[in-house]
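Here is input_24.cif, consisting of mmCIF, C-alpha atoms:
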```cif
data_protein
loop_
_atom_site.group_PDB
_atom_site.id
_atom_site.type_symbol
_atom_site.label_atom_id
_atom_site.label_comp_id
_atom_site.auth_asym_id
_atom_site.auth_seq_id
_atom_site.Cartn_x
_atom_site.Cartn_y
_atom_site.Cartn_z
ATOM 1 C CA MET A 1 137.957 142.104 60.257
ATOM 2 C CA MET A 2 138.391 139.583 63.048
ATOM 3 C CA ILE A 3 134.736 139.990 64.084
ATOM 4 C CA LYS A 4 133.561 139.347 60.522
ATOM 5 C CA LYS A 5 135.761 136.303 60.334
ATOM 6 C CA SER A 6 134.484 134.962 63.657
ATOM 7 C CA LYS A 7 130.908 135.386 62.475
ATOM 8 C CA HIS A 8 131.854 133.608 59.277
ATOM 9 C CA ILE A 9 133.316 130.691 61.249
ATOM 10 C CA LEU A 10 130.241 130.585 63.480
ATOM 11 C CA GLY A 11 127.881 130.591 60.527
ATOM 12 C CA TYR A 12 130.024 128.042 58.714
ATOM 13 C CA LEU A 13 129.861 125.559 61.603
ATOM 14 C CA ILE A 14 126.144 126.097 62.069
ATOM 15 C CA GLU A 15 125.457 125.607 58.379
ATOM 16 C CA LYS A 16 127.554 122.457 58.169
ATOM 17 C CA SER A 17 125.901 121.020 61.279
ATOM 18 C CA ASN A 18 122.419 121.726 59.930
ATOM 19 C CA ARG A 19 123.343 119.977 56.655
ATOM 20 C CA LYS A 20 124.853 117.099 58.651
ATOM 21 C CA ARG A 21 128.176 117.627 56.860
ATOM 22 C CA THR A 22 130.402 118.327 59.835
ATOM 23 C CA SER A 23 133.324 116.028 60.429
ATOM 24 C CA GLU A 24 133.540 113.987 63.597
ATOM 25 C CA ALA A 25 136.128 116.427 64.958
ATOM 26 C CA GLU A 26 133.865 119.414 64.245
ATOM 27 C CA GLU A 27 130.890 117.724 65.883
ATOM 28 C CA ASN A 28 133.048 116.917 68.891
ATOM 29 C CA VAL A 29 133.968 120.598 69.184
ATOM 30 C CA LEU A 30 130.327 121.641 68.904
ATOM 31 C CA ASN A 31 129.170 119.099 71.462
ATOM 32 C CA ASP A 32 132.085 119.581 73.821
ATOM 33 C CA PHE A 33 130.714 122.728 75.423
ATOM 34 C CA MET A 34 127.398 121.194 76.507
ATOM 35 C CA HIS A 35 128.964 117.980 77.768
ATOM 36 C CA SER A 36 131.937 119.491 79.582
ATOM 37 C CA GLU A 37 130.150 122.528 81.005
ATOM 38 C CA TYR A 38 126.725 121.093 81.847
ATOM 39 C CA LYS A 39 127.200 117.301 81.621
ATOM 40 C CA THR A 40 124.056 117.056 79.463
ATOM 41 C CA PRO A 41 123.124 117.316 75.755
ATOM 42 C CA GLU A 42 119.901 119.168 76.577
ATOM 43 C CA TRP A 43 119.158 122.595 77.989
ATOM 44 C CA ASP A 44 117.625 122.637 81.485
ATOM 45 C CA THR A 45 116.345 126.152 82.241
ATOM 46 C CA PRO A 46 115.951 125.740 86.056
ATOM 47 C CA THR A 47 119.629 124.878 86.487
ATOM 48 C CA MET A 48 121.250 126.615 83.479
ATOM 49 C CA GLY A 49 119.202 129.804 83.294
ATOM 50 C CA ASN A 50 117.470 131.432 80.343
ATOM 51 C CA LYS A 51 119.216 130.088 77.238
ATOM 52 C CA GLU A 52 118.751 133.233 75.138
ATOM 53 C CA GLN A 53 120.249 135.457 77.825
ATOM 54 C CA VAL A 54 123.142 133.063 78.424
ATOM 55 C CA SER A 55 123.815 132.893 74.661
ATOM 56 C CA GLU A 56 123.954 136.651 74.310
ATOM 57 C CA LYS A 57 126.168 137.076 77.366
ATOM 58 C CA ILE A 58 128.730 134.445 76.351
ATOM 59 C CA TYR A 59 128.798 135.483 72.711
ATOM 60 C CA ALA A 60 129.232 139.151 73.658
ATOM 61 C CA GLY A 61 132.134 138.173 75.883
ATOM 62 C CA ILE A 62 133.761 136.192 73.101
ATOM 63 C CA LEU A 63 133.414 139.067 70.619
ATOM 64 C CA LYS A 64 134.954 141.408 73.178
ATOM 65 C CA HIS A 65 138.061 139.207 73.345
ATOM 66 C CA ILE A 66 138.186 138.589 69.603
ATOM 67 C CA ASP A 67 137.972 142.322 68.964
ATOM 68 C CA GLN A 68 141.418 142.600 70.476
ATOM 69 C CA LYS A 69 144.183 141.971 67.924
ATOM 70 C CA GLU A 70 145.766 138.652 67.040
ATOM 71 C CA ARG A 71 143.945 136.208 69.256
ATOM 72 C CA PRO A 72 145.308 132.634 69.062
ATOM 73 C CA VAL A 73 143.658 130.031 66.899
ATOM 74 C CA HIS A 74 142.274 128.063 69.890
ATOM 75 C CA TYR A 75 139.604 130.809 70.259
ATOM 76 C CA LEU A 76 137.792 128.900 67.531
ATOM 77 C CA ARG A 77 136.810 126.439 70.256
ATOM 78 C CA TYR A 78 135.024 129.172 72.227
ATOM 79 C CA ILE A 79 133.342 130.518 69.102
ATOM 80 C CA ALA A 80 132.026 127.020 68.499
ATOM 81 C CA ALA A 81 130.846 126.884 72.106
ATOM 82 C CA ALA A 82 128.950 130.120 71.576
ATOM 83 C CA SER A 83 127.392 128.651 68.457
ATOM 84 C CA ILE A 84 125.893 125.871 70.559
ATOM 85 C CA LEU A 85 124.220 128.417 72.808
ATOM 86 C CA LEU A 86 122.965 130.432 69.863
ATOM 87 C CA LEU A 87 121.579 127.338 68.218
ATOM 88 C CA LEU A 88 119.837 126.456 71.467
ATOM 89 C CA GLY A 89 118.399 129.951 71.629
ATOM 90 C CA LEU A 90 117.036 129.574 68.084
ATOM 91 C CA GLY A 91 115.833 126.035 68.719
ATOM 92 C CA ILE A 92 117.803 124.698 65.739
ATOM 93 C CA LEU A 93 120.236 122.133 67.080
ATOM 94 C CA LEU A 94 118.490 120.853 70.185
ATOM 95 C CA LYS A 95 114.886 121.082 71.291
ATOM 96 C CA PRO A 96 114.737 122.756 74.706
ATOM 97 C CA LYS A 97 112.754 121.232 77.515
ATOM 98 C CA ALA A 98 109.397 122.877 78.226
ATOM 99 C CA GLY A 99 110.146 122.189 81.892
ATOM 100 C CA THR A 100 111.771 119.524 84.052
ATOM 101 C CA VAL A 101 109.294 116.693 84.545
ATOM 102 C CA GLU A 102 109.912 114.187 87.313
ATOM 103 C CA LYS A 103 109.477 110.535 86.402
ATOM 104 C CA MET A 104 106.908 109.221 88.883
ATOM 105 C CA LEU A 105 106.813 105.684 90.292
ATOM 106 C CA THR A 106 104.190 103.814 92.318
ATOM 107 C CA PHE A 107 105.044 101.293 95.040
ATOM 108 C CA THR A 108 102.256 98.948 96.160
ATOM 109 C CA THR A 109 102.269 96.342 98.938
ATOM 110 C CA MET A 110 100.031 93.277 98.973
ATOM 111 C CA GLN A 111 99.657 90.888 101.923
ATOM 112 C CA ALA A 112 102.832 91.897 103.761
ATOM 113 C CA PRO A 113 104.636 95.128 104.737
ATOM 114 C CA ASP A 114 107.565 96.289 102.638
ATOM 115 C CA SER A 115 109.946 99.236 102.401
ATOM 116 C CA LEU A 116 111.829 101.341 99.890
ATOM 117 C CA LYS A 117 114.619 103.898 99.975
ATOM 118 C CA LEU A 118 114.205 107.149 98.058
ATOM 119 C CA GLY A 119 116.875 108.998 96.111
ATOM 120 C CA ASP A 120 117.457 111.496 98.927
ATOM 121 C CA GLY A 121 118.170 108.731 101.478
ATOM 122 C CA SER A 122 114.720 108.766 103.099
ATOM 123 C CA THR A 123 113.245 105.354 103.931
ATOM 124 C CA ILE A 124 109.533 104.578 103.678
ATOM 125 C CA TYR A 125 108.029 101.546 105.434
ATOM 126 C CA LEU A 126 104.640 100.615 103.998
ATOM 127 C CA ALA A 127 102.059 98.459 105.751
ATOM 128 C CA ALA A 128 100.287 95.737 103.785
ATOM 129 C CA HIS A 129 97.635 96.934 101.321
ATOM 130 C CA SER A 130 99.267 100.348 100.895
ATOM 131 C CA LYS A 131 100.135 102.441 97.856
ATOM 132 C CA PHE A 132 102.834 105.125 97.594
ATOM 133 C CA HIS A 133 103.626 107.543 94.724
ATOM 134 C CA TYR A 134 107.088 109.129 94.441
ATOM 135 C CA PRO A 135 109.587 110.548 91.920
ATOM 136 C CA ALA A 136 112.485 108.455 90.651
ATOM 137 C CA GLN A 137 114.695 111.430 91.509
ATOM 138 C CA PHE A 138 113.868 114.613 93.388
ATOM 139 C CA THR A 139 114.265 117.918 91.515
ATOM 140 C CA GLY A 140 113.344 121.450 92.445
ATOM 141 C CA ALA A 141 113.011 123.184 95.795
ATOM 142 C CA THR A 142 110.865 120.548 97.537
ATOM 143 C CA ARG A 143 110.705 116.763 97.862
ATOM 144 C CA LYS A 144 107.088 115.844 97.094
ATOM 145 C CA VAL A 145 105.535 112.387 97.469
ATOM 146 C CA GLN A 146 102.029 111.008 97.915
ATOM 147 C CA LEU A 147 100.496 108.288 100.093
ATOM 148 C CA LEU A 148 97.552 107.078 98.033
ATOM 149 C CA GLN A 149 96.319 104.348 100.357
ATOM 150 C CA GLY A 150 97.109 102.592 103.627
ATOM 151 C CA ASN A 151 99.653 103.151 106.385
ATOM 152 C CA ALA A 152 103.278 104.211 106.222
ATOM 153 C CA PHE A 153 106.164 105.118 108.482
ATOM 154 C CA PHE A 154 108.462 107.829 107.137
ATOM 155 C CA ASN A 155 112.105 108.166 108.166
ATOM 156 C CA VAL A 156 112.980 111.361 106.289
ATOM 157 C CA ALA A 157 116.565 112.321 105.502
ATOM 158 C CA LYS A 158 117.451 115.802 106.772
ATOM 159 C CA ASP A 159 117.726 118.530 104.158
ATOM 160 C CA ALA A 160 116.939 122.027 105.419
ATOM 161 C CA GLN A 161 117.026 123.436 101.894
ATOM 162 C CA HIS A 162 114.466 120.996 100.481
ATOM 163 C CA PRO A 163 111.364 120.382 102.637
ATOM 164 C CA PHE A 164 109.799 116.918 102.391
ATOM 165 C CA ILE A 165 106.063 117.151 101.616
ATOM 166 C CA ILE A 166 103.578 114.258 101.726
ATOM 167 C CA THR A 167 100.071 114.529 100.349
ATOM 168 C CA SER A 168 97.632 112.021 101.864
ATOM 169 C CA GLY A 169 94.009 112.623 100.984
ATOM 170 C CA GLN A 170 93.167 116.182 102.028
ATOM 171 C CA LEU A 171 96.212 116.470 104.313
ATOM 172 C CA GLU A 172 99.627 117.860 103.496
ATOM 173 C CA THR A 173 102.459 116.959 105.875
ATOM 174 C CA LYS A 174 105.648 119.019 105.718
ATOM 175 C CA VAL A 175 108.977 118.196 107.389
ATOM 176 C CA LEU A 176 112.708 118.850 107.017
ATOM 177 C CA GLY A 177 113.975 115.613 108.548
ATOM 178 C CA THR A 178 112.151 113.472 111.103
ATOM 179 C CA SER A 179 110.165 110.238 111.578
ATOM 180 C CA PHE A 180 106.406 109.837 111.723
ATOM 181 C CA HIS A 181 103.445 107.675 110.741
ATOM 182 C CA ILE A 182 100.635 108.449 108.305
ATOM 183 C CA GLN A 183 97.470 106.377 108.128
ATOM 184 C CA LEU A 184 95.050 107.032 105.252
ATOM 185 C CA SER A 185 91.681 105.291 105.054
ATOM 186 C CA GLY A 186 89.046 106.786 102.800
ATOM 187 C CA LYS A 187 88.511 110.408 103.854
ATOM 188 C CA GLN A 188 90.122 109.855 107.251
ATOM 189 C CA CYS A 189 93.799 110.487 107.867
ATOM 190 C CA HIS A 190 96.053 110.387 110.937
ATOM 191 C CA VAL A 191 99.627 111.653 111.327
ATOM 192 C CA ALA A 192 101.624 110.642 114.430
ATOM 193 C CA VAL A 193 105.115 111.978 115.179
ATOM 194 C CA VAL A 194 107.893 109.818 116.643
ATOM 195 C CA THR A 195 110.859 112.201 116.325
ATOM 196 C CA GLY A 196 111.303 115.809 115.216
ATOM 197 C CA LYS A 197 108.619 118.328 114.327
ATOM 198 C CA VAL A 198 105.886 118.007 111.699
ATOM 199 C CA ASN A 199 103.446 120.492 110.191
ATOM 200 C CA VAL A 200 100.076 119.180 109.019
ATOM 201 C CA THR A 201 97.710 121.348 106.977
ATOM 202 C CA THR A 202 94.349 121.158 105.245
ATOM 203 C CA ALA A 203 92.619 123.760 103.105
ATOM 204 C CA THR A 204 91.375 125.498 106.258
ATOM 205 C CA ALA A 205 93.626 124.504 109.193
ATOM 206 C CA SER A 206 97.253 123.974 110.226
ATOM 207 C CA ILE A 207 98.776 122.089 113.186
ATOM 208 C CA ASP A 208 102.372 121.688 114.359
ATOM 209 C CA LEU A 209 103.118 118.339 116.016
ATOM 210 C CA ILE A 210 105.903 117.206 118.354
ATOM 211 C CA PRO A 211 106.856 113.625 119.325
ATOM 212 C CA GLY A 212 103.978 111.690 120.886
ATOM 213 C CA GLU A 213 101.317 113.874 119.246
ATOM 214 C CA GLU A 214 98.893 112.929 116.497
ATOM 215 C CA ALA A 215 96.835 114.967 114.030
ATOM 216 C CA SER A 216 93.481 113.428 113.199
ATOM 217 C CA PHE A 217 91.403 114.429 110.181
ATOM 218 C CA GLU A 218 87.846 113.118 110.361
ATOM 219 C CA ALA A 219 84.521 114.582 109.209
ATOM 220 C CA GLU A 220 86.372 117.448 107.498
ATOM 221 C CA LYS A 221 87.894 118.527 110.836
ATOM 222 C CA LEU A 222 91.583 118.576 111.856
ATOM 223 C CA THR A 223 92.354 118.023 115.557
ATOM 224 C CA ARG A 224 95.407 117.344 117.733
ATOM 225 C CA GLN A 225 95.582 114.550 120.327
ATOM 226 C CA LYS A 226 97.918 112.141 122.068
ATOM 227 C CA ALA A 227 99.253 109.579 119.606
ATOM 228 C CA ASP A 228 97.913 106.043 119.557
ATOM 229 C CA LYS A 229 100.357 103.887 121.521
ATOM 230 C CA ALA A 230 100.408 101.313 118.722
ATOM 231 C CA LEU A 231 101.756 103.916 116.290
ATOM 232 C CA LEU A 232 104.749 104.528 118.542
ATOM 233 C CA ASN A 233 105.752 100.852 118.378
ATOM 234 C CA ASN A 234 108.591 100.102 115.994
ATOM 235 C CA TRP A 235 106.386 97.688 114.006
ATOM 236 C CA TYR A 236 108.067 98.467 110.695
ATOM 237 C CA LYS A 237 111.544 97.046 111.329
ATOM 238 C CA GLN A 238 111.701 95.230 114.671
ATOM 239 C CA ASP A 239 110.168 92.258 116.457
ATOM 240 C CA ILE A 240 107.605 93.367 119.036
ATOM 241 C CA THR A 241 106.410 91.641 122.194
ATOM 242 C CA LEU A 242 103.078 92.851 123.561
ATOM 243 C CA ASN A 243 103.111 91.652 127.160
ATOM 244 C CA ASN A 244 99.770 91.229 128.975
ATOM 245 C CA VAL A 245 97.938 93.870 126.956
ATOM 246 C CA PRO A 246 94.256 94.124 125.907
ATOM 247 C CA LEU A 247 93.441 92.580 122.543
ATOM 248 C CA GLU A 248 92.319 96.032 121.467
ATOM 249 C CA GLU A 249 95.992 97.114 121.528
ATOM 250 C CA VAL A 250 97.045 94.049 119.568
ATOM 251 C CA PHE A 251 94.363 94.653 116.945
ATOM 252 C CA SER A 252 95.451 98.272 116.669
ATOM 253 C CA LEU A 253 99.051 97.246 115.970
ATOM 254 C CA LEU A 254 97.930 94.651 113.409
ATOM 255 C CA HIS A 255 95.755 97.273 111.771
ATOM 256 C CA TYR A 256 98.769 99.553 111.212
ATOM 257 C CA LYS A 257 101.159 96.775 110.219
ATOM 258 C CA TYR A 258 98.884 94.758 107.918
ATOM 259 C CA GLY A 259 96.284 97.339 106.867
ATOM 260 C CA VAL A 260 93.304 95.291 108.084
ATOM 261 C CA ASN A 261 90.182 96.237 110.038
ATOM 262 C CA PHE A 262 88.679 94.045 112.762
ATOM 263 C CA GLN A 263 84.960 93.353 113.157
ATOM 264 C CA LEU A 264 84.198 92.009 116.640
ATOM 265 C CA ALA A 265 81.289 89.720 117.452
ATOM 266 C CA ASN A 266 80.879 91.134 120.967
ATOM 267 C CA THR A 267 82.089 94.050 123.070
ATOM 268 C CA THR A 268 84.043 91.962 125.592
ATOM 269 C CA ILE A 269 86.678 90.796 123.085
ATOM 270 C CA PRO A 270 88.799 94.020 123.140
ATOM 271 C CA ASP A 271 89.331 93.720 126.930
ATOM 272 C CA THR A 272 90.772 90.188 126.774
ATOM 273 C CA ARG A 273 94.391 90.368 127.890
ATOM 274 C CA VAL A 274 97.080 88.468 126.022
ATOM 275 C CA THR A 275 100.823 88.248 125.475
ATOM 276 C CA VAL A 276 101.668 88.184 121.763
ATOM 277 C CA PHE A 277 104.966 88.100 119.870
ATOM 278 C CA VAL A 278 104.871 89.932 116.525
ATOM 279 C CA ALA A 279 107.962 89.134 114.453
ATOM 280 C CA GLN A 280 109.064 91.767 111.960
ATOM 281 C CA LYS A 281 108.400 89.554 108.935
ATOM 282 C CA ALA A 282 105.584 87.457 110.369
ATOM 283 C CA SER A 283 102.463 86.947 108.270
ATOM 284 C CA LEU A 284 99.100 88.144 109.537
ATOM 285 C CA GLU A 285 97.840 84.558 109.478
ATOM 286 C CA SER A 286 100.606 83.396 111.827
ATOM 287 C CA ILE A 287 99.756 86.150 114.346
ATOM 288 C CA LEU A 288 96.062 85.311 114.246
ATOM 289 C CA GLN A 289 96.876 81.622 114.807
ATOM 290 C CA GLN A 290 98.948 82.616 117.824
ATOM 291 C CA ILE A 291 96.018 84.589 119.281
ATOM 292 C CA ASN A 292 93.630 81.745 118.485
ATOM 293 C CA TYR A 293 95.839 79.321 120.419
ATOM 294 C CA ILE A 294 95.709 81.606 123.472
ATOM 295 C CA THR A 295 92.086 82.737 123.413
ATOM 296 C CA TYR A 296 90.232 80.216 121.217
ATOM 297 C CA LEU A 297 88.804 83.109 119.252
ATOM 298 C CA LYS A 298 88.010 82.371 115.608
ATOM 299 C CA PHE A 299 89.193 84.645 112.804
ATOM 300 C CA GLU A 300 87.766 84.884 109.293
ATOM 301 C CA THR A 301 89.571 87.084 106.781
ATOM 302 C CA TYR A 302 87.766 88.731 103.861
ATOM 303 C CA GLY A 303 90.094 90.979 101.913
ATOM 304 C CA ASN A 304 91.128 93.767 104.317
ATOM 305 C CA THR A 305 88.548 92.798 106.956
ATOM 306 C CA VAL A 306 89.010 90.272 109.783
ATOM 307 C CA LYS A 307 85.889 89.017 111.565
ATOM 308 C CA VAL A 308 86.471 87.932 115.183
ATOM 309 C CA ASN A 309 84.076 85.471 116.888
#
```
Written as structure tokens, that's how I'd like the structure from this file.
Amino acid sequence: MMIKKSKHILGYLIEKSNRKRTSEAEENVLNDFMHSEYKTPEWDTPTMGNKEQVSEKIYAGILKHIDQKERPVHYLRYIAAASILLLLGLGILLKPKAGTVEKMLTFTTMQAPDSLKLGDGSTIYLAAHSKFHYPAQFTGATRKVQLLQGNAFFNVAKDAQHPFIITSGQLETKVLGTSFHIQLSGKQCHVAVVTGKVNVTTATASIDLIPGEEASFEAEKLTRQKADKALLNNWYKQDITLNNVPLEEVFSLLHYKYGVNFQLANTTIPDTRVTVFVAQKASLESILQQINYITYLKFETYGNTVKVN
């Protein structure tokens, strides 16, 4: 008799809710389970499990208790909670999600470097003329992002349970928590490690890198080599003084920091030695003026290309 009555109460609440005739108190009871138990009005299969199976399990448990004699009136609350799950299973009250979809954002830099902090605590420093694609909030077993264009330094927050994966062109870089650079230009890509260990893979090859090593992907081939010295400079968040170095090293640093390529009028220019101060927030133009003052070289900028005469 109690079971029949409980089914009657369940059906009664469902029917009233479907006809939008429930009182505010009844709606509060119906909604209470989802909000208090899962902190959400929608069913999320990856975190909550299969809704049909959960419905059957909870409802069976409730009937088992109700089948015992003279249960107190407050069991109505749990019957109502079961009704929510059954409604979810039937797709009547709430429409279930087909799957959890991450909201994706794109961060683009223009003439100057910039940075952003991700939801997991990782910090990404982007060179000028770079583009980065990332989720507003990480969900699932991995933390996936994408470097679409340019140069970036990654300071990844440690999380052994959720690997951090960066797609850049044909390369996939996988880490747990470390710092490294990625440079993407057309079909060429370079990954240089500063701290920790990094795995770089393509469709046909895989390389593990340690600090000071660089993976280079050019002409469809992945190789390992010593990292470019300029990549190991802390260009992304500190002032840098390059003391009595070849201009080639200065141009390399400016290439990573500002995303520009240098076209040289003659082959002797790279060997010219200079001392240059590169402030963290300095503009490319101010650095070129500084070099011009020292060397009398002339610079002409066309988009992402700098001609040196």
Around the point (98.1, 97.3, 113.2) in the file's coordinates, collect all residues with an atom within 10 Å, using only C-alpha atoms, and return them as a ChimeraX atom specification. /A:127-128,151,230-231,233,235,249-262,284
Check which residues satisfy the PyMOL selection byres ((chain A and resi 115) around 9) in the file shown, then give them as a PyMOL selection string. chain A and resi 109+113-114+116-117+123-127+236
Between atom CA of Val156 of chain A and atom CA of Ser168 of chain A lies a distance of 16.0 Å
Which residues are close to Ile294 of chain A, i.e. within 10 Å by all atoms listed in the file, leaving aside same-chain residues fewer than 6 positions away? Reply as an MDAnalysis selection string. chainID A and resid 273:276 288
Result set of the PyMOL selection byres ((chain A and resi 158-165) around 9) on the coordinates above, as a PyMOL selection string: chain A and resi 120-122+140-146+156-157+166-167+172-178
Please return, as an MDAnalysis selection string, all polymer residues that have at least one atom within 8 Å of the point (104.9, 120.1, 116.1); use all atoms listed in the file and the file's own coordinate frame. chainID A and resid 196:199 207:211 213
So what do you get for atom CA of Thr202 of chain A versus atom CA of Leu222 of chain A, distance-wise? 7.6 Å
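Comparing the minimum interatomic distances between Leu264 of chain A and each of A:Lys307, A:Lys298, A:His181, A:Lys229, counting only C-alpha atoms, we find that A:Lys307 sits nearest.
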Please identify all polymer residues within 12 Å of Ser286 of chain A, counting all atoms listed in the file, omitting same-chain residues fewer than 5 positions from it, and present them as a short mmCIF file (atom, residue, chain, number, x, y, z; two decimals) with C-alpha atoms, keeping the file's coordinate frame.
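Contents of the output file selection13.cif:
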```cif
data_model
loop_
_atom_site.label_atom_id
_atom_site.label_comp_id
_atom_site.auth_asym_id
_atom_site.auth_seq_id
_atom_site.Cartn_x
_atom_site.Cartn_y
_atom_site.Cartn_z
CA ALA A 112 102.83 91.90 103.76
CA LEU A 254 97.93 94.65 113.41
CA VAL A 276 101.67 88.18 121.76
CA PHE A 277 104.97 88.10 119.87
CA VAL A 278 104.87 89.93 116.52
CA ALA A 279 107.96 89.13 114.45
CA GLN A 280 109.06 91.77 111.96
CA LYS A 281 108.40 89.55 108.94
CA ILE A 291 96.02 84.59 119.28
CA ASN A 292 93.63 81.74 118.48
CA TYR A 293 95.84 79.32 120.42
CA PHE A 299 89.19 84.64 112.80
#
```
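Taking atom CA of Ala265 of chain A and atom CA of Asn309 of chain A as the two end points, the separation is 5.1 Å.
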Can you pull out every residue within 6 Å of Ser130 of chain A, counting all atoms listed in the file, but drop anything in the same chain fewer than 6 positions away, and send it as a PyMOL selection string? chain A and resi 108-109+149-150
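Across the chains present, the PyMOL selection byres ((chain A and resi 170) around 10) applied to this file returns Thr167, Ser168, Gly169, Leu171, Glu172, Leu184, Lys187, Gln188, Cys189, Thr201, Thr202, Ala203, Phe217 and Glu220 of chain A.
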Just C-alpha atoms for this one: save the residues we selected as a short mmCIF file (atom, residue, chain, number, x, y, z; two decimals), in the coordinates of the input.
```cif
data_model
loop_
_atom_site.label_atom_id
_atom_site.label_comp_id
_atom_site.auth_asym_id
_atom_site.auth_seq_id
_atom_site.Cartn_x
_atom_site.Cartn_y
_atom_site.Cartn_z
CA THR A 167 100.07 114.53 100.35
CA SER A 168 97.63 112.02 101.86
CA GLY A 169 94.01 112.62 100.98
CA LEU A 171 96.21 116.47 104.31
CA GLU A 172 99.63 117.86 103.50
CA LEU A 184 95.05 107.03 105.25
CA LYS A 187 88.51 110.41 103.85
CA GLN A 188 90.12 109.86 107.25
CA CYS A 189 93.80 110.49 107.87
CA THR A 201 97.71 121.35 106.98
CA THR A 202 94.35 121.16 105.24
CA ALA A 203 92.62 123.76 103.10
CA PHE A 217 91.40 114.43 110.18
CA GLU A 220 86.37 117.45 107.50
#
```
